[in-house]
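Undergrad: So that we are looking at the same thing, I have put the structure below in structure tokens.
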2 protein chains.
Amino acid sequence: MLRALFRLETLAAVLTLSITAVPVPAQTAAPAAAAEAGTPGFVKEFGKMWTFDAPPLDYWKARYGFSPDQAWLDHVRLAAVRLPICSSSFVSSEGLVMTNHHCGRACISAVSPPDTNYQRTGFVARTLSDEKKCPGLYLDQLVAIGDVTPKIRSKITAATASQQVAQREAAIKAVEDECQQQSGNVCQVVTFYQGGRYSLYQYKRFSDLRLVMAPEEEISFYGGDPDNFTFPRYDLDLTLLRVYENDAPMKTEHFLKWSAGGAKEGDPVFVIGNPGSTGRLLTVAQMESLRDVTYPGQLAQLKRNITIYHEIISKSEDARRQWENQLFYAENSYKAINGYQAGLLDSVIMVKKRAFERSFRARVNADPKLRVRYGDAWEKIAAALAEQRSFATKSRYYGFGGSQLLSWAGILVRIPGEAGLPDSARLPAYRGEGLENARRVVLSDAPVDKELEKLTLAAQLTAAKKELPAADPFLAAILQGRSPEVAAEALIEGTGLADPAARKALLDGGAAAVRSSTDPLIVVARKIAPLSRAVAIRNAKLESTVSANAERIGQALFAAYGTSLPPDATFTLRISDGVVKGYPMNGTRAPYKTSFFGLYARSAEFDNEPPFRLPERWQAARERLDLSTPFDFASTNDIIGGNSGSPVINQAGEVVGLIFDGNIEQLPNRFIYTDEVARSVAVHSKGITEALRRVYDAGRIADELEGTAKVTSQ
Amino acid sequence: MLRALFRLETLAAVLTLSITAVPVPAQTAAPAAAAEAGTPGFVKEFGKMWTFDAPPLDYWKARYGFSPDQAWLDHVRLAAVRLPICSSSFVSSEGLVMTNHHCGRACISAVSPPDTNYQRTGFVARTLSDEKKCPGLYLDQLVAIGDVTPKIRSKITAATASQQVAQREAAIKAVEDECQQQSGNVCQVVTFYQGGRYSLYQYKRFSDLRLVMAPEEEISFYGGDPDNFTFPRYDLDLTLLRVYENDAPMKTEHFLKWSAGGAKEGDPVFVIGNPGSTGRLLTVAQMESLRDVTYPGQLAQLKRNITIYHEIISKSEDARRQWENQLFYAENSYKAINGYQAGLLDSVIMVKKRAFERSFRARVNADPKLRVRYGDAWEKIAAALAEQRSFATKSRYYGFGGSQLLSWAGILVRIPGEAGLPDSARLPAYRGEGLENARRVVLSDAPVDKELEKLTLAAQLTAAKKELPAADPFLAAILQGRSPEVAAEALIEGTGLADPAARKALLDGGAAAVRSSTDPLIVVARKIAPLSRAVAIRNAKLESTVSANAERIGQALFAAYGTSLPPDATFTLRISDGVVKGYPMNGTRAPYKTSFFGLYARSAEFDNEPPFRLPERWQAARERLDLSTPFDFASTNDIIGGNSGSPVINQAGEVVGLIFDGNIEQLPNRFIYTDEVARSVAVHSKGITEALRRVYDAGRIADELEGTAKVTSQ
């Protein structure tokens, strides 16, 4: 599944250098750069996550014979709406919104009555009045896009990197504030090409969303972690919501009609949604750093956590309820990162990446003016990452990880010191609003599971002990000669920080209270803090270097290719073309679609054991279903986490499916788009209506989707 | 599917050196040699194709808690009978024999009436009298095994390799003849461990086999070439035959009863059948030669042929009937060899192979006596293969390949010369009975398709032209400056050799007729013959060196490990243990079994297009079937081509399945046994009876299998 995994590349703090982009001649591209921008050859490297202000009309015409007009583009843009971490779309004139079940989890839990869990039982509103308001949920409709690159750049005049950061942030905030005041919209400046281009995105926000229908989790996430990120697949990963305005269903012309036929093999289809993050414009050095440093660390930590969650959950039904979402997200992240890592370990992918970089650098270096502007950016990034790598093990462990309580102790110890420094001298997390956030975080009244804390802290310390040298000062400070298990037991049992009042007293007491505290976690945190701070400051400086030079490269790329090069994903609206298509798999062929037959097959073939068990309602409905109905399907659209809930539409703008995942072969597409075996995975539109009518007895909703009934007539 | 692919290693002519095996101490095995012989660790390298005279009773007891007595072993050995290129078993007291559909093809075609093709329509004998005699088909029951190693070795006293060959062949023939005369059985001396051990196998032969039931090819080979060698799978790859004696069903106690429950996940199961050929005892140099020389050449040639067959078949229904079996075998071979090649290209496999070889050679070299006997065998093989590699391109093309007519021309040109030489100086193919065979082959009255001949010859010459140097004398002789297409057209159109009478005249006319012939293919063959002969003689000598030294290594291995090391496959009866088990696949898990639901799913998901189309009878039967019935299943038994038709039995000796294939991940098991993802694939016993009863209305046969009815009562 495609839950957004933001910023794995830790390129968060992008710095700006006041360099005006100088065009790099595109026509001298070497063959390794895969032909002309905007052609299928070019697409093969950089993918198809097109922004709505730069649709590749010529390429679509050549590839599909498809020439949408501006009205078509505006219509589908307005119909495709963004949820806080997912995508969705209007699918009726009465404000019905289609997204994934896994995007609706919070709402589904929140509206469940005390004695019922709609995650387990599913939910169908029989009438409008049964539809249940989702607390806090909102969605954003993209109403305008404008280029504000000159406006931002003109404000950046300072000489030092940190001053430039401040100027850039101020300029962005000014543009956003002005926009918000003038339009009443939610306004956001989006950074494309790592700073190559700034665009102003304006959203109309809708804040009254109600739950209309959600299937059982067992069928929405059928196959569980094993089937996650794979195809063939049998998931009804669907939630239907409705936007209300003034306590009545919202009326809109900009909704997607339902296709009568649904997706068929070979059909050109378009996915409209908000891909969260890709790393296709990263340098080879950045990818190698992810491969050798970042991902191995993340995978090891996730694996530790997954083991512990499984252990805890196996102990009681209570523990299961409390921790199964954490386990779900940990397993999802593990599988995703493992797939990204597979891409970086794939020599074919890396050869292509190296070839493009070599050729693009050669073009830059061939022109003395370009060489001065951009020529050394790659080496500077490589040097910074090499230095980071030299103390990566310290970076991984010097800190307050492995325990919620230790992390609070760390914040409490740090706040007095950081608060006393000028903003720019603080640790990055304590700059600007960070200090206030830290104060809020440390006063959390979330309950603490001490048994879990002991397990996770012991696991973290065991890993640290294995990787750090025996005489390491961090180990000395926290272990004090004890084994990881004994140390974790003593620290977690001995601390009083589980009580929010204890934390409040330390926060209020300031430096003196922290200094005199004998709480064992505070004592340890005082020793760790200076070690950790030195490493964090050094890392922040190196990351600034990486970001600043990544922006220079982004400017060079944008100057060379312009919008014919789709920018890396930014969790903003994109339209991606593709084709409904099977692929070679496991020595044979994967079909382009699955069927209800296949769902019952998978249940029978695993003896109906979880995660392949069918909900009761589905077992009972079997005889009523046309089992040859398509269930899920695969296509070559270019998507990634954040695209969950995106509609798949045909050239008539009609819904043929609902994106909810990619196959395992698609994960390496994070770094390079390929379509030999990589596929997007969607629920088939016919599967949705068949299930609504014959499993959920929800003809009211199916009729509304198919446009054969008006909501208000019911 | 598991059609036997014999001797891909071209180790056919095994030479014998009169060296008495000297034991190599097994207990000094390095860790790389994977622990003790007979333990699961050892099994991981050399597999589980146990001979019936050396069942691993201690290992079975430890692994499964299973201790079969001699009566159990004798019973299942006698129940498992061998077909000419397949395996099979007695499954009723009335001589009913179960094997695969693809093992019964020849009989199914032969007994089809003129207006019907049972391959297409399927066949069910409603009564005993409907059962149809298969012309020429027989099966062999293994009734005795004896060790004749000393008997053979004592006869080999000569000094030269070629004399030793003659002595060895004579000794084997003497043992076989004596046995045959004394027992009336079919007797065969089997060479194990490349000459490390000789065993005398005695068979009782049954020659009256009748067709009882065969399903449609569409369901027996459901999924066609794409699904071939894969799992999950949905094939009813079944043929039922019956042995008759004196025109009545044979009576036997040694048949396998039908299991009531069938295979279930985790069950220990045993496969009894005749694996054709493996290469697990090959040296690393031999495997590298297969990887770099043999397999690439075979794959390229198969690919050329497959392309041409497809082209020809697309032209008419007649051509389809004529060539589809050739296409079927070519595609099957291509997929199999491609899978073997994948194993050799797998660095993990090769690392293990190198580690074992290094450790075993170190053990041999550590003992001065052993070093003298065996120490240089590996280097001698490597040197011979390196020399072969130096002229491998010539070996590949210097000859009469690419055309049936050209191959006849080559034989006609060669016979007079070879016939005039002493036997040992001839080309290997013309030694002993070879000369007479050659005369028979060249008088074949098989029809020739000249259009196909032109295509295959042009393809062969195109490949030759690409790989051989421009000035190559073979190219000059056959192309004479023409393009491959023009040369092929001229040669095939110009020759009169399609007429058997023309070939007979040349054969009868002897050297003078051949010398004066102006037939363009004879003219070309006269030029090619000396070029080709030099290469063939050089290759034969090098192959003798490889074989002789492979035998020395086989003796060393057998001396070290004895029968605890299962010998490479020899198309003789083996018993292989395993477990019914799913496996990690495609990012998720493959179930241990498939279901009838899954069959209908695969049909629906490919829109019922071939090769996923269901036969009419199956489409009509859907409502009558229990779709959750198991269809096929996967297990960790150790099998390879030749095992087709083997029964899968439980510890009670009851049939739980019918082997018909391995998955794509199992193909590299040719060189090293693994069971992480490699699986054998069988039809589930319950799938067989469900189909017989509800699709084929063959309750008579299902009852007989389940032992609930006697044949004679019907």
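Just remember, in the structure tokens the first chain shown is A, the second B, etc., residues are 1-based per chain, and ligands are 1-based in the order shown.
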Set the cut-off to 7 Å and count only C-alpha atoms: what are the residues of chain A that reach chain B? Output as a PDB file with N, CA and C atoms, in the first residue's frame.

TA:
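Full text of out_12.pdb as output:
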ATOM      1  N   PRO A 226       1.882  -9.768   3.930  1.00  0.00           N
ATOM      2  CA  PRO A 226       2.464 -10.531   2.812  1.00  0.00           C
ATOM      3  C   PRO A 226       2.069  -9.970   1.436  1.00  0.00           C
ATOM      4  N   ASP A 227       0.792  -9.697   1.236  1.00  0.00           N
ATOM      5  CA  ASP A 227       0.356  -9.226  -0.083  1.00  0.00           C
ATOM      6  C   ASP A 227       0.583  -7.732  -0.300  1.00  0.00           C
ATOM      7  N   THR A 230       2.175  -5.887  -3.502  1.00  0.00           N
ATOM      8  CA  THR A 230       2.317  -6.912  -4.536  1.00  0.00           C
ATOM      9  C   THR A 230       1.091  -6.917  -5.450  1.00  0.00           C
ATOM     10  N   ASN A 586       7.422 -14.098 -12.262  1.00  0.00           N
ATOM     11  CA  ASN A 586       7.594 -15.419 -11.666  1.00  0.00           C
ATOM     12  C   ASN A 586       7.671 -16.525 -12.728  1.00  0.00           C
ATOM     13  N   GLY A 587       8.290 -16.211 -13.866  1.00  0.00           N
ATOM     14  CA  GLY A 587       8.429 -17.199 -14.922  1.00  0.00           C
ATOM     15  C   GLY A 587       7.256 -17.278 -15.867  1.00  0.00           C
ATOM     16  N   THR A 588       6.146 -16.604 -15.517  1.00  0.00           N
ATOM     17  CA  THR A 588       4.985 -16.625 -16.398  1.00  0.00           C
ATOM     18  C   THR A 588       4.472 -15.194 -16.544  1.00  0.00           C
ATOM     19  N   ARG A 589       3.172 -15.015 -16.774  1.00  0.00           N
ATOM     20  CA  ARG A 589       2.628 -13.680 -16.951  1.00  0.00           C
ATOM     21  C   ARG A 589       1.672 -13.362 -15.817  1.00  0.00           C
ATOM     22  N   PRO A 591      -1.688 -11.437 -14.996  1.00  0.00           N
ATOM     23  CA  PRO A 591      -2.783 -10.854 -15.783  1.00  0.00           C
ATOM     24  C   PRO A 591      -2.900  -9.367 -15.474  1.00  0.00           C
ATOM     25  N   LYS A 593      -5.629  -7.960 -14.688  1.00  0.00           N
ATOM     26  CA  LYS A 593      -6.676  -7.782 -13.669  1.00  0.00           C
ATOM     27  C   LYS A 593      -6.796  -9.049 -12.832  1.00  0.00           C
ATOM     28  N   THR A 594      -7.388  -8.902 -11.663  1.00  0.00           N
ATOM     29  CA  THR A 594      -7.788 -10.076 -10.896  1.00  0.00           C
ATOM     30  C   THR A 594      -9.318 -10.143 -10.909  1.00  0.00           C
ATOM     31  N   SER A 595      -9.838 -11.188 -10.297  1.00  0.00           N
ATOM     32  CA  SER A 595     -11.284 -11.403 -10.330  1.00  0.00           C
ATOM     33  C   SER A 595     -11.780 -11.807  -8.950  1.00  0.00           C
ATOM     34  N   PHE A 597     -13.318 -14.518  -8.450  1.00  0.00           N
ATOM     35  CA  PHE A 597     -12.872 -15.915  -8.381  1.00  0.00           C
ATOM     36  C   PHE A 597     -11.521 -15.996  -7.653  1.00  0.00           C
ATOM     37  N   GLY A 598     -10.620 -15.087  -8.044  1.00  0.00           N
ATOM     38  CA  GLY A 598      -9.278 -15.100  -7.479  1.00  0.00           C
ATOM     39  C   GLY A 598      -9.274 -14.837  -5.981  1.00  0.00           C
ATOM     40  N   TYR A 600     -11.694 -15.649  -3.847  1.00  0.00           N
ATOM     41  CA  TYR A 600     -12.123 -16.880  -3.176  1.00  0.00           C
ATOM     42  C   TYR A 600     -11.060 -17.969  -3.314  1.00  0.00           C
ATOM     43  N   ALA A 601     -10.313 -17.924  -4.431  1.00  0.00           N
ATOM     44  CA  ALA A 601      -9.205 -18.877  -4.589  1.00  0.00           C
ATOM     45  C   ALA A 601      -8.153 -18.664  -3.510  1.00  0.00           C
ATOM     46  N   ALA A 604      -9.323 -19.973  -0.267  1.00  0.00           N
ATOM     47  CA  ALA A 604      -9.325 -21.440  -0.218  1.00  0.00           C
ATOM     48  C   ALA A 604      -7.899 -21.988  -0.169  1.00  0.00           C
ATOM     49  N   GLU A 605      -6.994 -21.351  -0.896  1.00  0.00           N
ATOM     50  CA  GLU A 605      -5.644 -21.899  -1.035  1.00  0.00           C
ATOM     51  C   GLU A 605      -4.813 -21.697   0.230  1.00  0.00           C
ATOM     52  N   PHE A 606      -5.226 -20.744   1.064  1.00  0.00           N
ATOM     53  CA  PHE A 606      -4.592 -20.580   2.376  1.00  0.00           C
ATOM     54  C   PHE A 606      -5.515 -21.079   3.479  1.00  0.00           C
ATOM     55  N   SER A 628     -16.722 -13.713 -11.966  1.00  0.00           N
ATOM     56  CA  SER A 628     -15.776 -13.313 -13.016  1.00  0.00           C
ATOM     57  C   SER A 628     -15.607 -11.790 -13.080  1.00  0.00           C
ATOM     58  N   ILE A 664       5.575  -4.996  -6.036  1.00  0.00           N
ATOM     59  CA  ILE A 664       6.899  -4.993  -5.399  1.00  0.00           C
ATOM     60  C   ILE A 664       7.953  -4.510  -6.387  1.00  0.00           C
TER      61      ILE A 664
END

Undergrad: Quick one: residues within 10 Å of stretch 524-530 of chain A, only C-alpha atoms, excluding same-chain residues fewer than 3 positions away - as an MDAnalysis selection string?

TA: chainID A and resid 398:400 406:414 473:480 491 514:515 517:521 533:536

Undergrad: Env of B:Ser289: 9 Å cut, atoms = only C-alpha atoms, seq-sep filter 6 positions within chain, self excluded. Answer as a VMD selection string.

TA: chain B and resid 295 385 to 386 389

Undergrad: If we count only C-alpha atoms, what is near A:Gly432 at a cut-off of 12 Å, once residues fewer than 5 positions away on the same chain are taken out, given as a count of residues only?

TA: 13

Undergrad: Rounded to one decimal in Å, what is the spacing between atom CA of A:Arg233 and atom CA of B:Pro668?

TA: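 Going from atom CA of A:Arg233 over to atom CA of B:Pro668 covers 28.3 Å.
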